[in-house]
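For reference, coords17.txt (compact mmCIF, C-alpha atoms (C1' of nucleotides)):
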```txt
# COMPACT_ATOMS: atom_id res chain seq x y z
CA MET A 56 -12.46 -2.53 6.51
CA SER A 57 -12.44 -6.24 5.77
CA ASN A 58 -11.20 -7.21 2.35
CA LEU A 59 -14.53 -8.42 1.01
CA CYS A 60 -16.39 -5.52 2.53
CA THR A 61 -14.09 -3.14 0.63
CA THR A 62 -14.82 -5.04 -2.57
CA PHE A 63 -18.56 -4.72 -1.97
CA ALA A 64 -18.13 -1.00 -1.27
CA ALA A 65 -16.30 -0.58 -4.56
CA LEU A 66 -19.16 -2.27 -6.43
CA SER A 67 -21.91 -0.47 -4.51
CA ASN A 68 -21.99 2.45 -6.94
CA GLU A 69 -23.91 2.20 -10.25
CA THR A 70 -21.20 3.90 -12.29
CA ARG A 71 -18.42 1.77 -10.84
CA PHE A 72 -20.44 -1.41 -11.27
CA ALA A 73 -21.06 -0.46 -14.91
CA ILE A 74 -17.34 0.18 -15.40
CA VAL A 75 -16.50 -3.25 -14.00
CA GLU A 76 -19.12 -5.01 -16.13
CA LYS A 77 -17.82 -3.23 -19.23
CA LEU A 78 -14.29 -4.35 -18.40
CA LEU A 79 -15.47 -7.91 -17.78
CA ASN A 80 -17.30 -8.01 -21.11
CA GLU A 81 -14.80 -6.19 -23.27
CA GLY A 82 -11.46 -6.80 -21.55
CA GLU A 83 -8.71 -4.26 -20.90
CA LEU A 84 -9.76 -0.67 -21.68
CA SER A 85 -8.30 2.81 -21.40
CA ALA A 86 -9.75 5.32 -18.92
CA GLY A 87 -11.17 7.29 -21.84
CA SER A 88 -13.34 4.33 -22.89
CA PHE A 89 -15.73 5.10 -20.05
CA GLN A 90 -16.38 8.68 -21.10
CA ASP A 91 -19.72 8.10 -22.79
CA MET A 92 -21.27 6.19 -19.89
CA GLY A 93 -24.24 7.95 -18.35
CA GLY A 94 -22.98 11.50 -18.65
CA VAL A 95 -20.22 11.37 -16.05
CA SER A 96 -17.27 13.72 -16.44
CA PRO A 97 -13.65 12.57 -16.88
CA PRO A 98 -12.68 13.61 -13.32
CA ALA A 99 -15.53 11.54 -11.93
CA ILE A 100 -14.54 8.49 -13.98
CA SER A 101 -10.95 8.93 -12.89
CA ARG A 102 -11.91 8.94 -9.22
CA HIS A 103 -14.13 5.89 -9.64
CA LEU A 104 -11.25 4.05 -11.28
CA LYS A 105 -8.98 5.02 -8.40
CA ILE A 106 -11.50 3.69 -5.88
CA LEU A 107 -11.77 0.43 -7.82
CA LYS A 108 -7.98 0.18 -7.97
CA ASP A 109 -7.53 0.91 -4.25
CA ALA A 110 -10.12 -1.78 -3.48
CA GLY A 111 -8.19 -4.26 -5.63
CA VAL A 112 -11.05 -4.73 -8.07
CA VAL A 113 -9.15 -3.44 -11.09
CA GLU A 114 -5.50 -3.00 -11.95
CA GLN A 115 -3.77 -0.36 -14.03
CA ARG A 116 -1.09 -0.60 -16.65
CA VAL A 117 0.47 2.38 -18.41
CA ASN A 118 0.86 2.20 -22.16
CA LYS A 119 2.26 5.35 -23.78
CA GLN A 120 -0.11 8.16 -22.84
CA ARG A 121 -2.96 5.73 -22.06
CA ARG A 122 -3.77 4.18 -18.69
CA MET A 123 -5.20 0.75 -19.32
CA TYR A 124 -7.54 -0.85 -16.81
CA SER A 125 -8.60 -4.46 -16.34
CA VAL A 126 -10.47 -6.49 -13.74
CA ARG A 127 -8.42 -8.44 -11.20
CA PRO A 128 -9.77 -12.00 -11.46
CA GLU A 129 -9.14 -12.61 -7.74
CA ALA A 130 -11.68 -9.94 -6.84
CA VAL A 131 -14.54 -11.53 -8.78
CA GLN A 132 -13.53 -14.98 -7.63
CA SER A 133 -13.42 -14.04 -3.94
CA ILE A 134 -16.99 -12.75 -4.15
CA GLY A 135 -18.09 -16.07 -5.57
CA ALA A 136 -16.10 -17.94 -2.94
CA TRP A 137 -17.90 -16.06 -0.18
CA SER A 138 -21.32 -16.93 -1.59
CA MET A 139 -20.29 -20.52 -2.12
CA SER A 140 -19.04 -20.85 1.45
CA TYR A 141 -22.70 -20.49 2.43
CA ARG A 142 -24.01 -22.65 -0.39
CA ASP A 143 -25.41 -25.28 1.97
CA PHE A 144 -27.51 -22.62 3.62
CA TRP A 145 -29.01 -21.00 0.55
CA GLN A 146 -29.44 -24.18 -1.43
CA LYS A 147 -31.35 -25.89 1.35
CA SER A 148 -33.40 -22.79 2.07
CA LEU A 149 -34.36 -22.38 -1.58
CA ASN A 150 -35.27 -26.05 -1.80
CA ARG A 151 -37.56 -25.77 1.20
CA LEU A 152 -39.15 -22.67 -0.31
CA GLU A 153 -39.73 -24.43 -3.60
CA ILE A 154 -41.34 -27.40 -1.91
CA MET A 155 -43.56 -25.11 0.13
CA LEU A 156 -44.71 -23.23 -2.95
CA GLN A 157 -45.41 -26.51 -4.75
CA LYS A 158 -47.58 -27.78 -1.89
CA GLU A 159 -49.35 -24.42 -1.90
CA SER A 160 -50.30 -24.77 -5.55
CA GLU A 161 -51.34 -28.41 -5.12
CA ARG A 162 -53.63 -27.52 -2.23
CA LYS A 163 -55.59 -25.06 -4.41
CA MET B 99 -30.08 1.26 -8.56
CA SER B 100 -29.66 -2.19 -10.07
CA ASN B 101 -30.67 -5.08 -7.86
CA LEU B 102 -27.19 -6.49 -7.35
CA CYS B 103 -25.70 -3.05 -6.85
CA THR B 104 -28.17 -2.48 -4.00
CA THR B 105 -27.13 -5.79 -2.45
CA PHE B 106 -23.47 -4.79 -2.64
CA ALA B 107 -24.30 -1.43 -1.07
CA ALA B 108 -26.07 -3.19 1.79
CA LEU B 109 -22.97 -5.32 2.42
CA SER B 110 -20.50 -2.46 2.00
CA ASN B 111 -20.64 -1.49 5.67
CA GLU B 112 -18.60 -3.40 8.27
CA THR B 113 -21.37 -3.50 10.85
CA ARG B 114 -23.98 -4.69 8.34
CA PHE B 115 -21.60 -7.28 6.93
CA ALA B 116 -20.95 -8.56 10.46
CA ILE B 117 -24.70 -8.72 11.10
CA VAL B 118 -25.22 -10.78 7.95
CA GLU B 119 -22.36 -13.15 8.74
CA LYS B 120 -23.71 -13.66 12.26
CA LEU B 121 -27.14 -14.46 10.83
CA LEU B 122 -25.61 -16.85 8.29
CA ASN B 123 -23.66 -18.67 10.98
CA GLU B 124 -26.26 -18.71 13.74
CA GLY B 125 -29.57 -18.57 11.88
CA GLU B 126 -32.59 -16.43 12.74
CA LEU B 127 -31.88 -13.89 15.50
CA SER B 128 -33.70 -11.06 17.23
CA ALA B 129 -32.62 -7.44 16.74
CA GLY B 130 -31.28 -7.37 20.26
CA SER B 131 -28.78 -10.16 19.49
CA PHE B 132 -26.60 -7.65 17.70
CA GLN B 133 -26.26 -5.28 20.65
CA ASP B 134 -22.80 -6.35 21.76
CA MET B 135 -21.20 -6.04 18.33
CA GLY B 136 -18.51 -3.38 18.19
CA GLY B 137 -20.12 -0.83 20.45
CA VAL B 138 -22.95 0.30 18.20
CA SER B 139 -26.12 1.60 19.83
CA PRO B 140 -29.55 -0.04 19.40
CA PRO B 141 -30.83 2.74 17.11
CA ALA B 142 -27.83 2.27 14.84
CA ILE B 143 -28.38 -1.50 14.70
CA SER B 144 -32.04 -0.93 13.96
CA ARG B 145 -31.25 1.33 11.02
CA HIS B 146 -28.70 -1.12 9.65
CA LEU B 147 -31.30 -3.87 9.82
CA LYS B 148 -33.76 -1.67 7.96
CA ILE B 149 -31.21 -0.99 5.23
CA LEU B 150 -30.55 -4.73 4.91
CA LYS B 151 -34.28 -5.42 4.77
CA ASP B 152 -34.94 -2.72 2.16
CA ALA B 153 -32.13 -4.16 0.04
CA GLY B 154 -33.70 -7.62 0.28
CA VAL B 155 -30.71 -9.11 2.08
CA VAL B 156 -32.62 -10.02 5.22
CA GLU B 157 -36.26 -10.56 6.09
CA GLN B 158 -38.15 -9.80 9.27
CA ARG B 159 -40.71 -11.82 11.20
CA VAL B 160 -42.49 -10.61 14.29
CA ASN B 161 -42.72 -12.99 17.22
CA LYS B 162 -44.34 -11.53 20.35
CA GLN B 163 -42.30 -8.49 21.32
CA ARG B 164 -39.29 -9.68 19.33
CA ARG B 165 -38.45 -8.88 15.70
CA MET B 166 -36.66 -11.86 14.26
CA TYR B 167 -34.28 -11.43 11.35
CA SER B 168 -32.87 -13.96 8.90
CA VAL B 169 -30.89 -13.88 5.67
CA ARG B 170 -32.83 -14.21 2.41
CA PRO B 171 -31.10 -17.08 0.59
CA GLU B 172 -31.82 -15.49 -2.80
CA ALA B 173 -29.58 -12.54 -1.92
CA VAL B 174 -26.51 -14.65 -1.16
CA GLN B 175 -27.20 -16.87 -4.13
CA SER B 176 -27.52 -13.99 -6.60
CA ILE B 177 -24.11 -12.69 -5.56
CA GLY B 178 -22.63 -16.10 -6.30
CA ALA B 179 -24.50 -16.28 -9.59
CA TRP B 180 -22.99 -12.98 -10.69
CA SER B 181 -19.45 -14.14 -9.92
CA MET B 182 -20.09 -17.48 -11.62
CA SER B 183 -21.40 -15.79 -14.75
CA TYR B 184 -17.82 -14.57 -15.23
CA ARG B 185 -16.21 -17.80 -14.14
CA ASP B 186 -14.61 -18.43 -17.52
CA PHE B 187 -12.85 -15.10 -17.26
CA TRP B 188 -11.44 -15.40 -13.76
CA GLN B 189 -10.60 -19.09 -13.97
CA LYS B 190 -8.62 -18.66 -17.17
CA SER B 191 -6.92 -15.54 -15.86
CA LEU B 192 -5.92 -17.21 -12.62
CA ASN B 193 -4.59 -20.21 -14.52
CA ARG B 194 -2.44 -18.01 -16.72
CA LEU B 195 -1.16 -16.21 -13.63
CA GLU B 196 -0.29 -19.47 -11.91
CA ILE B 197 1.60 -20.76 -14.95
CA MET B 198 3.50 -17.50 -15.19
CA LEU B 199 4.53 -17.65 -11.55
CA GLN B 200 5.62 -21.26 -11.94
CA LYS B 201 7.82 -20.43 -14.93
CA GLU B 202 9.25 -17.54 -12.92
CA SER B 203 10.31 -19.84 -10.10
CA GLU B 204 11.72 -22.42 -12.52
CA ARG B 205 13.82 -19.78 -14.26
CA LYS B 206 15.56 -18.89 -10.97
C1' DT C 77 9.27 24.43 -29.36
C1' DC C 78 4.45 24.41 -28.99
C1' DA C 79 -0.19 22.87 -29.58
C1' DT C 80 -2.90 18.59 -28.75
C1' DT C 81 -4.53 14.63 -26.37
C1' DA C 82 -5.18 11.65 -22.17
C1' DA C 83 -5.88 11.54 -17.67
C1' DT C 84 -5.42 13.17 -13.24
C1' DT C 85 -5.45 16.29 -9.17
C1' DC C 86 -7.40 20.45 -6.93
C1' DA C 87 -10.87 23.25 -4.76
C1' DC C 88 -15.31 23.40 -4.03
C1' DC C 89 -20.40 22.19 -3.23
C1' DA C 90 -24.61 19.29 -2.46
C1' DT C 91 -26.21 15.00 -0.86
C1' DT C 92 -26.04 10.78 1.61
C1' DA C 93 -24.53 7.85 5.36
C1' DT C 94 -23.69 6.91 10.02
C1' DG C 95 -23.80 7.72 14.68
C1' DT C 96 -25.69 9.85 19.02
C1' DT C 97 -29.32 10.82 22.72
C1' DA C 98 -34.11 11.42 23.69
C1' DA C 99 -38.75 10.17 22.88
C1' DT C 100 -42.17 6.83 21.29
C1' DT C 101 -44.53 2.49 20.34
C1' DA C 102 -45.86 -2.07 21.50
C1' DA C 103 -46.01 -6.36 23.98
C1' DC C 104 -45.58 -8.63 28.55
C1' DA C 105 -46.00 -9.57 33.28
C1' DT C 106 -47.30 -8.58 37.80
C1' DA D 120 -53.28 -0.08 35.63
C1' DT D 121 -48.33 0.09 35.68
C1' DG D 122 -43.62 -0.80 35.28
C1' DT D 123 -40.35 -3.41 32.25
C1' DT D 124 -38.36 -4.94 28.11
C1' DA D 125 -37.64 -4.78 22.98
C1' DA D 126 -37.20 -2.13 19.26
C1' DT D 127 -38.07 1.70 16.54
C1' DT D 128 -38.60 6.59 15.17
C1' DA D 129 -37.20 11.58 15.71
C1' DA D 130 -33.97 15.21 15.73
C1' DC D 131 -29.68 16.39 15.17
C1' DA D 132 -24.25 16.53 14.31
C1' DT D 133 -20.50 15.08 11.56
C1' DA D 134 -18.05 12.42 8.12
C1' DA D 135 -17.96 10.38 3.72
C1' DT D 136 -19.38 10.29 -1.14
C1' DG D 137 -19.93 11.87 -5.64
C1' DG D 138 -20.25 15.44 -8.73
C1' DT D 139 -18.46 19.83 -11.16
C1' DG D 140 -15.16 23.17 -13.60
C1' DA D 141 -10.42 24.76 -13.58
C1' DA D 142 -5.72 23.72 -13.36
C1' DT D 143 -1.95 20.38 -13.82
C1' DT D 144 0.97 16.61 -15.50
C1' DA D 145 2.78 13.90 -19.07
C1' DA D 146 3.29 11.95 -23.60
C1' DT D 147 2.70 12.85 -28.83
C1' DG D 148 3.50 14.86 -32.92
C1' DA D 149 3.61 18.74 -36.28
```
Could you quickly redo this structure as structure tokens?
Amino acid sequence: MSNLCTTFAALSNETRFAIVEKLLNEGELSAGSFQDMGGVSPPAISRHLKILKDAGVVEQRVNKQRRMYSVRPEAVQSIGAWSMSYRDFWQKSLNRLEIMLQKESERK
Amino acid sequence: MSNLCTTFAALSNETRFAIVEKLLNEGELSAGSFQDMGGVSPPAISRHLKILKDAGVVEQRVNKQRRMYSVRPEAVQSIGAWSMSYRDFWQKSLNRLEIMLQKESERK
DNA sequence: TCATTAATTCACCATTATGTTAATTAACAT
DNA sequence: ATGTTAATTAACATAATGGTGAATTAATGA
């Protein structure tokens, strides 16, 4: 699977996306911090974290008996870079759409 | 499923991602244009296009006997917007990383 | 040492995703 | 009308995903 595709796959699950957003907003957190998130059991959380790690979206650091997780900045950046590489396309398209809608409303 | 999560899910499959990239690079295309793309049958392509459409990543227009598909600019933009909303985080993190690596190489 | 805490791995089950071939729908062209 | 082309829907098989409870590993601390 292509790199970016794997990243998208990792973020395609609600629980995993919520985990990543929590990490982005609160910084490095232990695995246990995600316990009270939508009634998902510890084994489930653990597997989601492994999927995120394997996809390179998060990284793990061991501190005593805690496993600390954080978002890999490269992952979030590369998503933005992909979108931006097509910026010309979507910016122009959105402009055209806006102009069309404006003419629509003027005509009425 | 959250809007963005659905978009990621749509792009989490190699074939669908390839379809979207082809549409981004070549513009509006008929369903049949994706036939010779990694040995996937027409029914499979058709279902992938439906998934992309349901997720709001592409839109469909009927022209005679052809169904024409194109990328919805909003979809690609919203992905970029998400990444950019965390720009402070990843830019600072990457800077720190770069500085660290530089000091590493200087120390040797 | 032994009980506790943190997190994971195991074994299993239900659901979803993806692909196939065959059949169907719809528009075109002769 | 009828055959052709474009694309989808139907019916089905198989693989992947995501969840659970039970068991396991590893560090902590009385």
- request: May I ask for the distance between C1' of DT139 in chain D and CA of Ser88 in chain A, given in Å to one decimal place?
  value: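 Spanning C1' of DT139 in chain D to CA of Ser88 in chain A is a straight-line distance of 20.1 Å.
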Pull out every residue of chain A sitting within 10 Å of chain D, counting all atoms listed in the file, and send them as a PDB file with C-alpha atoms, in the coordinates of the input.
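Result went into part_6.pdb, see below:
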```pdb
ATOM      1  CA  ASN A  68     -21.990   2.450  -6.940  1.00  0.00           C
ATOM      2  CA  VAL A  95     -20.220  11.370 -16.050  1.00  0.00           C
ATOM      3  CA  SER A  96     -17.270  13.720 -16.440  1.00  0.00           C
ATOM      4  CA  PRO A  98     -12.680  13.610 -13.320  1.00  0.00           C
ATOM      5  CA  ALA A  99     -15.530  11.540 -11.930  1.00  0.00           C
ATOM      6  CA  ARG A 102     -11.910   8.940  -9.220  1.00  0.00           C
ATOM      7  CA  HIS A 103     -14.130   5.890  -9.640  1.00  0.00           C
ATOM      8  CA  LYS A 119       2.260   5.350 -23.780  1.00  0.00           C
ATOM      9  CA  GLN A 120      -0.110   8.160 -22.840  1.00  0.00           C
ATOM     10  CA  ARG A 121      -2.960   5.730 -22.060  1.00  0.00           C
TER      11      ARG A 121
END
```
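Coordinates place CA of Cys103 in chain B at a distance of 11.4 Å from CA of Ala173 in chain B.
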Separation of C1' of DT85 in chain C from CA of Phe72 in chain A, in Å and rounded to one decimal: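 Calculated distance between C1' of DT85 in chain C and CA of Phe72 in chain A is 23.3 Å.
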Pose of chain A fitted onto chain B, C-alpha LSQ, given as an mmCIF file with C-alpha atoms, in the coordinates of the input:
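The result, written out as part-v2.cif:
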```
data_model
loop_
_atom_site.group_PDB
_atom_site.id
_atom_site.type_symbol
_atom_site.label_atom_id
_atom_site.label_comp_id
_atom_site.auth_asym_id
_atom_site.auth_seq_id
_atom_site.Cartn_x
_atom_site.Cartn_y
_atom_site.Cartn_z
ATOM 1 C CA MET A 56 -30.001 1.232 -8.459
ATOM 2 C CA SER A 57 -29.609 -2.200 -10.003
ATOM 3 C CA ASN A 58 -30.626 -5.093 -7.818
ATOM 4 C CA LEU A 59 -27.144 -6.499 -7.315
ATOM 5 C CA CYS A 60 -25.650 -3.079 -6.814
ATOM 6 C CA THR A 61 -28.121 -2.493 -3.965
ATOM 7 C CA THR A 62 -27.090 -5.805 -2.432
ATOM 8 C CA PHE A 63 -23.426 -4.809 -2.611
ATOM 9 C CA ALA A 64 -24.265 -1.439 -1.044
ATOM 10 C CA ALA A 65 -26.018 -3.194 1.819
ATOM 11 C CA LEU A 66 -22.936 -5.344 2.461
ATOM 12 C CA SER A 67 -20.455 -2.490 2.030
ATOM 13 C CA ASN A 68 -20.600 -1.525 5.702
ATOM 14 C CA GLU A 69 -18.555 -3.442 8.319
ATOM 15 C CA THR A 70 -21.358 -3.530 10.875
ATOM 16 C CA ARG A 71 -23.947 -4.705 8.368
ATOM 17 C CA PHE A 72 -21.592 -7.315 6.946
ATOM 18 C CA ALA A 73 -20.954 -8.588 10.483
ATOM 19 C CA ILE A 74 -24.702 -8.742 11.128
ATOM 20 C CA VAL A 75 -25.225 -10.795 7.974
ATOM 21 C CA GLU A 76 -22.366 -13.177 8.780
ATOM 22 C CA LYS A 77 -23.740 -13.666 12.292
ATOM 23 C CA LEU A 78 -27.160 -14.461 10.850
ATOM 24 C CA LEU A 79 -25.636 -16.859 8.325
ATOM 25 C CA ASN A 80 -23.695 -18.675 11.042
ATOM 26 C CA GLU A 81 -26.298 -18.714 13.772
ATOM 27 C CA GLY A 82 -29.611 -18.561 11.905
ATOM 28 C CA GLU A 83 -32.632 -16.418 12.753
ATOM 29 C CA LEU A 84 -31.937 -13.855 15.501
ATOM 30 C CA SER A 85 -33.762 -11.031 17.237
ATOM 31 C CA ALA A 86 -32.665 -7.414 16.717
ATOM 32 C CA GLY A 87 -31.362 -7.361 20.284
ATOM 33 C CA SER A 88 -28.861 -10.136 19.499
ATOM 34 C CA PHE A 89 -26.661 -7.621 17.710
ATOM 35 C CA GLN A 90 -26.354 -5.264 20.659
ATOM 36 C CA ASP A 91 -22.917 -6.362 21.812
ATOM 37 C CA MET A 92 -21.273 -6.067 18.396
ATOM 38 C CA GLY A 93 -18.557 -3.442 18.258
ATOM 39 C CA GLY A 94 -20.170 -0.876 20.514
ATOM 40 C CA VAL A 95 -22.987 0.235 18.228
ATOM 41 C CA SER A 96 -26.151 1.602 19.807
ATOM 42 C CA PRO A 97 -29.615 0.039 19.379
ATOM 43 C CA PRO A 98 -30.807 2.838 17.047
ATOM 44 C CA ALA A 99 -27.804 2.266 14.812
ATOM 45 C CA ILE A 100 -28.401 -1.491 14.685
ATOM 46 C CA SER A 101 -32.051 -0.880 13.931
ATOM 47 C CA ARG A 102 -31.221 1.352 10.978
ATOM 48 C CA HIS A 103 -28.682 -1.126 9.630
ATOM 49 C CA LEU A 104 -31.297 -3.864 9.806
ATOM 50 C CA LYS A 105 -33.751 -1.651 7.944
ATOM 51 C CA ILE A 106 -31.191 -1.005 5.205
ATOM 52 C CA LEU A 107 -30.518 -4.737 4.909
ATOM 53 C CA LYS A 108 -34.254 -5.422 4.760
ATOM 54 C CA ASP A 109 -34.901 -2.726 2.135
ATOM 55 C CA ALA A 110 -32.072 -4.186 0.038
ATOM 56 C CA GLY A 111 -33.659 -7.638 0.291
ATOM 57 C CA VAL A 112 -30.686 -9.131 2.103
ATOM 58 C CA VAL A 113 -32.608 -10.033 5.247
ATOM 59 C CA GLU A 114 -36.253 -10.556 6.081
ATOM 60 C CA GLN A 115 -38.179 -9.804 9.245
ATOM 61 C CA ARG A 116 -40.730 -11.794 11.152
ATOM 62 C CA VAL A 117 -42.534 -10.565 14.258
ATOM 63 C CA ASN A 118 -42.777 -12.921 17.197
ATOM 64 C CA LYS A 119 -44.444 -11.456 20.293
ATOM 65 C CA GLN A 120 -42.413 -8.392 21.232
ATOM 66 C CA ARG A 121 -39.352 -9.608 19.286
ATOM 67 C CA ARG A 122 -38.498 -8.828 15.670
ATOM 68 C CA MET A 123 -36.697 -11.817 14.247
ATOM 69 C CA TYR A 124 -34.288 -11.415 11.354
ATOM 70 C CA SER A 125 -32.873 -13.953 8.917
ATOM 71 C CA VAL A 126 -30.889 -13.895 5.687
ATOM 72 C CA ARG A 127 -32.807 -14.217 2.420
ATOM 73 C CA PRO A 128 -31.085 -17.106 0.617
ATOM 74 C CA GLU A 129 -31.772 -15.514 -2.788
ATOM 75 C CA ALA A 130 -29.556 -12.568 -1.892
ATOM 76 C CA VAL A 131 -26.482 -14.677 -1.135
ATOM 77 C CA GLN A 132 -27.164 -16.908 -4.102
ATOM 78 C CA SER A 133 -27.495 -14.025 -6.569
ATOM 79 C CA ILE A 134 -24.074 -12.730 -5.533
ATOM 80 C CA GLY A 135 -22.587 -16.122 -6.259
ATOM 81 C CA ALA A 136 -24.457 -16.321 -9.551
ATOM 82 C CA TRP A 137 -22.957 -13.015 -10.653
ATOM 83 C CA SER A 138 -19.419 -14.177 -9.893
ATOM 84 C CA MET A 139 -20.050 -17.496 -11.572
ATOM 85 C CA SER A 140 -21.377 -15.828 -14.714
ATOM 86 C CA TYR A 141 -17.810 -14.587 -15.182
ATOM 87 C CA ARG A 142 -16.188 -17.829 -14.090
ATOM 88 C CA ASP A 143 -14.600 -18.445 -17.488
ATOM 89 C CA PHE A 144 -12.846 -15.119 -17.224
ATOM 90 C CA TRP A 145 -11.422 -15.428 -13.734
ATOM 91 C CA GLN A 146 -10.596 -19.101 -13.946
ATOM 92 C CA LYS A 147 -8.612 -18.676 -17.137
ATOM 93 C CA SER A 148 -6.922 -15.538 -15.862
ATOM 94 C CA LEU A 149 -5.889 -17.218 -12.618
ATOM 95 C CA ASN A 150 -4.593 -20.219 -14.531
ATOM 96 C CA ARG A 151 -2.447 -18.017 -16.738
ATOM 97 C CA LEU A 152 -1.140 -16.217 -13.661
ATOM 98 C CA GLU A 153 -0.270 -19.483 -11.978
ATOM 99 C CA ILE A 154 1.585 -20.740 -15.020
ATOM 100 C CA MET A 155 3.484 -17.475 -15.283
ATOM 101 C CA LEU A 156 4.533 -17.616 -11.647
ATOM 102 C CA GLN A 157 5.632 -21.238 -12.055
ATOM 103 C CA LYS A 158 7.826 -20.384 -15.048
ATOM 104 C CA GLU A 159 9.235 -17.487 -13.036
ATOM 105 C CA SER A 160 10.337 -19.782 -10.232
ATOM 106 C CA GLU A 161 11.737 -22.369 -12.654
ATOM 107 C CA ARG A 162 13.824 -19.738 -14.418
ATOM 108 C CA LYS A 163 15.588 -18.804 -11.152
#
```
query: Near chain B, which residues of chain C fall within 12 Å when you count all atoms listed in the file, and what do they look like as a list in words?
result: DA93, DT94, DG95, DT96, DT97, DA98, DT101, DA102, DA103 and DC104 of chain C
message: With 10 Å as the limit and counting only C-alpha atoms, what residues in chain B lie close to chain A? Please list them as an MDAnalysis selection string.
response: chainID B and resid 99:100 102:116 119 122:123 125 169:185 187:192 195
field: Selection near Ser125 in chain A, 8 Å with all atoms listed in the file, sequence-local residues under 6 positions removed, as number ranges by chain
entry: A: 78-79, 82-84, 113-115
task: Name the residues in contact with DA83 in chain C at a cut-off of 8 Å, using only C-alpha atoms (C1' of nucleotides), excluding same-chain residues fewer than 5 positions from it; report them as a ChimeraX atom specification.
output: /A:86-87,97,101,121-122
Adding 3 Å on each side of the box along x, y and z that holds all listed atoms of range 67-73 of chain A, could you give its centre and edge lengths in Å to one decimal, as lines of an AutoDock Vina configuration file?
```
center_x = -21.2
center_y = 1.2
center_z = -9.7
size_x = 11.5
size_y = 11.3
size_z = 16.4
```
Export range 86-98 of chain C of the preceding structure, keeping N, CA and C atoms (P, O5', C5', C4', C3', O3' and C1' of nucleotides), as a short mmCIF file (atom, residue, chain, number, x, y, z; two decimals), in the first residue's frame.
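Saved result, decode_20.cif, follows:
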```cif
data_model
loop_
_atom_site.label_atom_id
_atom_site.label_comp_id
_atom_site.auth_asym_id
_atom_site.auth_seq_id
_atom_site.Cartn_x
_atom_site.Cartn_y
_atom_site.Cartn_z
P DC C 86 0.29 -13.44 20.40
"O5'" DC C 86 -1.03 -14.16 20.94
"C5'" DC C 86 -1.05 -14.63 22.29
"C4'" DC C 86 -2.32 -15.44 22.54
"C3'" DC C 86 -2.89 -16.16 21.33
"O3'" DC C 86 -3.27 -17.47 21.72
"C1'" DC C 86 -4.54 -14.74 22.28
P DA C 87 -3.65 -18.57 20.57
"O5'" DA C 87 -5.24 -18.69 20.70
"C5'" DA C 87 -5.85 -18.75 22.00
"C4'" DA C 87 -7.36 -18.73 21.85
"C3'" DA C 87 -7.87 -19.35 20.54
"O3'" DA C 87 -9.06 -20.07 20.84
"C1'" DA C 87 -8.59 -17.11 20.68
P DC C 88 -9.84 -20.90 19.67
"O5'" DC C 88 -11.05 -19.91 19.33
"C5'" DC C 88 -11.97 -19.60 20.38
"C4'" DC C 88 -12.78 -18.39 20.01
"C3'" DC C 88 -13.62 -18.52 18.74
"O3'" DC C 88 -14.96 -18.82 19.12
"C1'" DC C 88 -12.71 -16.32 19.07
P DC C 89 -16.05 -19.19 17.97
"O5'" DC C 89 -16.78 -17.81 17.69
"C5'" DC C 89 -17.32 -17.05 18.80
"C4'" DC C 89 -17.84 -15.72 18.26
"C3'" DC C 89 -18.68 -15.85 17.00
"O3'" DC C 89 -19.92 -15.19 17.18
"C1'" DC C 89 -16.96 -14.23 16.70
P DA C 90 -21.04 -15.29 16.03
"O5'" DA C 90 -21.10 -13.78 15.52
"C5'" DA C 90 -21.24 -12.72 16.47
"C4'" DA C 90 -21.16 -11.40 15.74
"C3'" DA C 90 -22.06 -11.31 14.50
"O3'" DA C 90 -22.68 -10.04 14.52
"C1'" DA C 90 -19.79 -10.95 13.88
P DT C 91 -23.59 -9.56 13.25
"O5'" DT C 91 -22.60 -8.61 12.43
"C5'" DT C 91 -21.84 -7.62 13.14
"C4'" DT C 91 -20.96 -6.89 12.16
"C3'" DT C 91 -21.67 -6.47 10.87
"O3'" DT C 91 -21.44 -5.07 10.75
"C1'" DT C 91 -19.63 -7.59 10.38
P DT C 92 -22.01 -4.26 9.47
"O5'" DT C 92 -20.69 -4.12 8.58
"C5'" DT C 92 -19.49 -3.70 9.22
"C4'" DT C 92 -18.36 -3.67 8.20
"C3'" DT C 92 -18.75 -3.06 6.85
"O3'" DT C 92 -17.70 -2.15 6.54
"C1'" DT C 92 -17.77 -5.19 6.54
P DA C 93 -17.65 -1.36 5.16
"O5'" DA C 93 -16.59 -2.18 4.31
"C5'" DA C 93 -15.42 -2.64 4.95
"C4'" DA C 93 -14.45 -3.15 3.93
"C3'" DA C 93 -14.52 -2.54 2.54
"O3'" DA C 93 -13.18 -2.44 2.07
"C1'" DA C 93 -15.02 -4.86 2.39
P DT C 94 -12.82 -1.81 0.67
"O5'" DT C 94 -12.73 -3.07 -0.30
"C5'" DT C 94 -11.64 -3.98 -0.13
"C4'" DT C 94 -11.80 -5.13 -1.11
"C3'" DT C 94 -12.04 -4.69 -2.56
"O3'" DT C 94 -10.98 -5.20 -3.34
"C1'" DT C 94 -13.52 -6.41 -1.92
P DG C 95 -10.74 -4.75 -4.85
"O5'" DG C 95 -11.22 -6.02 -5.70
"C5'" DG C 95 -10.51 -7.25 -5.51
"C4'" DG C 95 -11.36 -8.41 -5.96
"C3'" DG C 95 -11.99 -8.24 -7.34
"O3'" DG C 95 -11.28 -8.95 -8.35
"C1'" DG C 95 -13.53 -9.18 -5.76
P DT C 96 -11.83 -8.86 -9.87
"O5'" DT C 96 -12.72 -10.18 -10.03
"C5'" DT C 96 -12.29 -11.42 -9.43
"C4'" DT C 96 -13.37 -12.47 -9.62
"C3'" DT C 96 -14.06 -12.35 -10.98
"O3'" DT C 96 -13.75 -13.44 -11.83
"C1'" DT C 96 -15.68 -12.42 -9.19
P DT C 97 -14.18 -13.27 -13.40
"O5'" DT C 97 -15.66 -13.88 -13.42
"C5'" DT C 97 -15.91 -15.24 -13.04
"C4'" DT C 97 -17.41 -15.51 -13.09
"C3'" DT C 97 -18.04 -15.33 -14.47
"O3'" DT C 97 -18.99 -16.37 -14.67
"C1'" DT C 97 -19.11 -13.90 -12.92
P DA C 98 -19.81 -16.49 -16.05
"O5'" DA C 98 -21.24 -15.92 -15.64
"C5'" DA C 98 -21.89 -16.44 -14.47
"C4'" DA C 98 -23.26 -15.79 -14.35
"C3'" DA C 98 -23.98 -15.61 -15.69
"O3'" DA C 98 -25.37 -15.89 -15.49
"C1'" DA C 98 -23.70 -13.50 -14.65
#
```
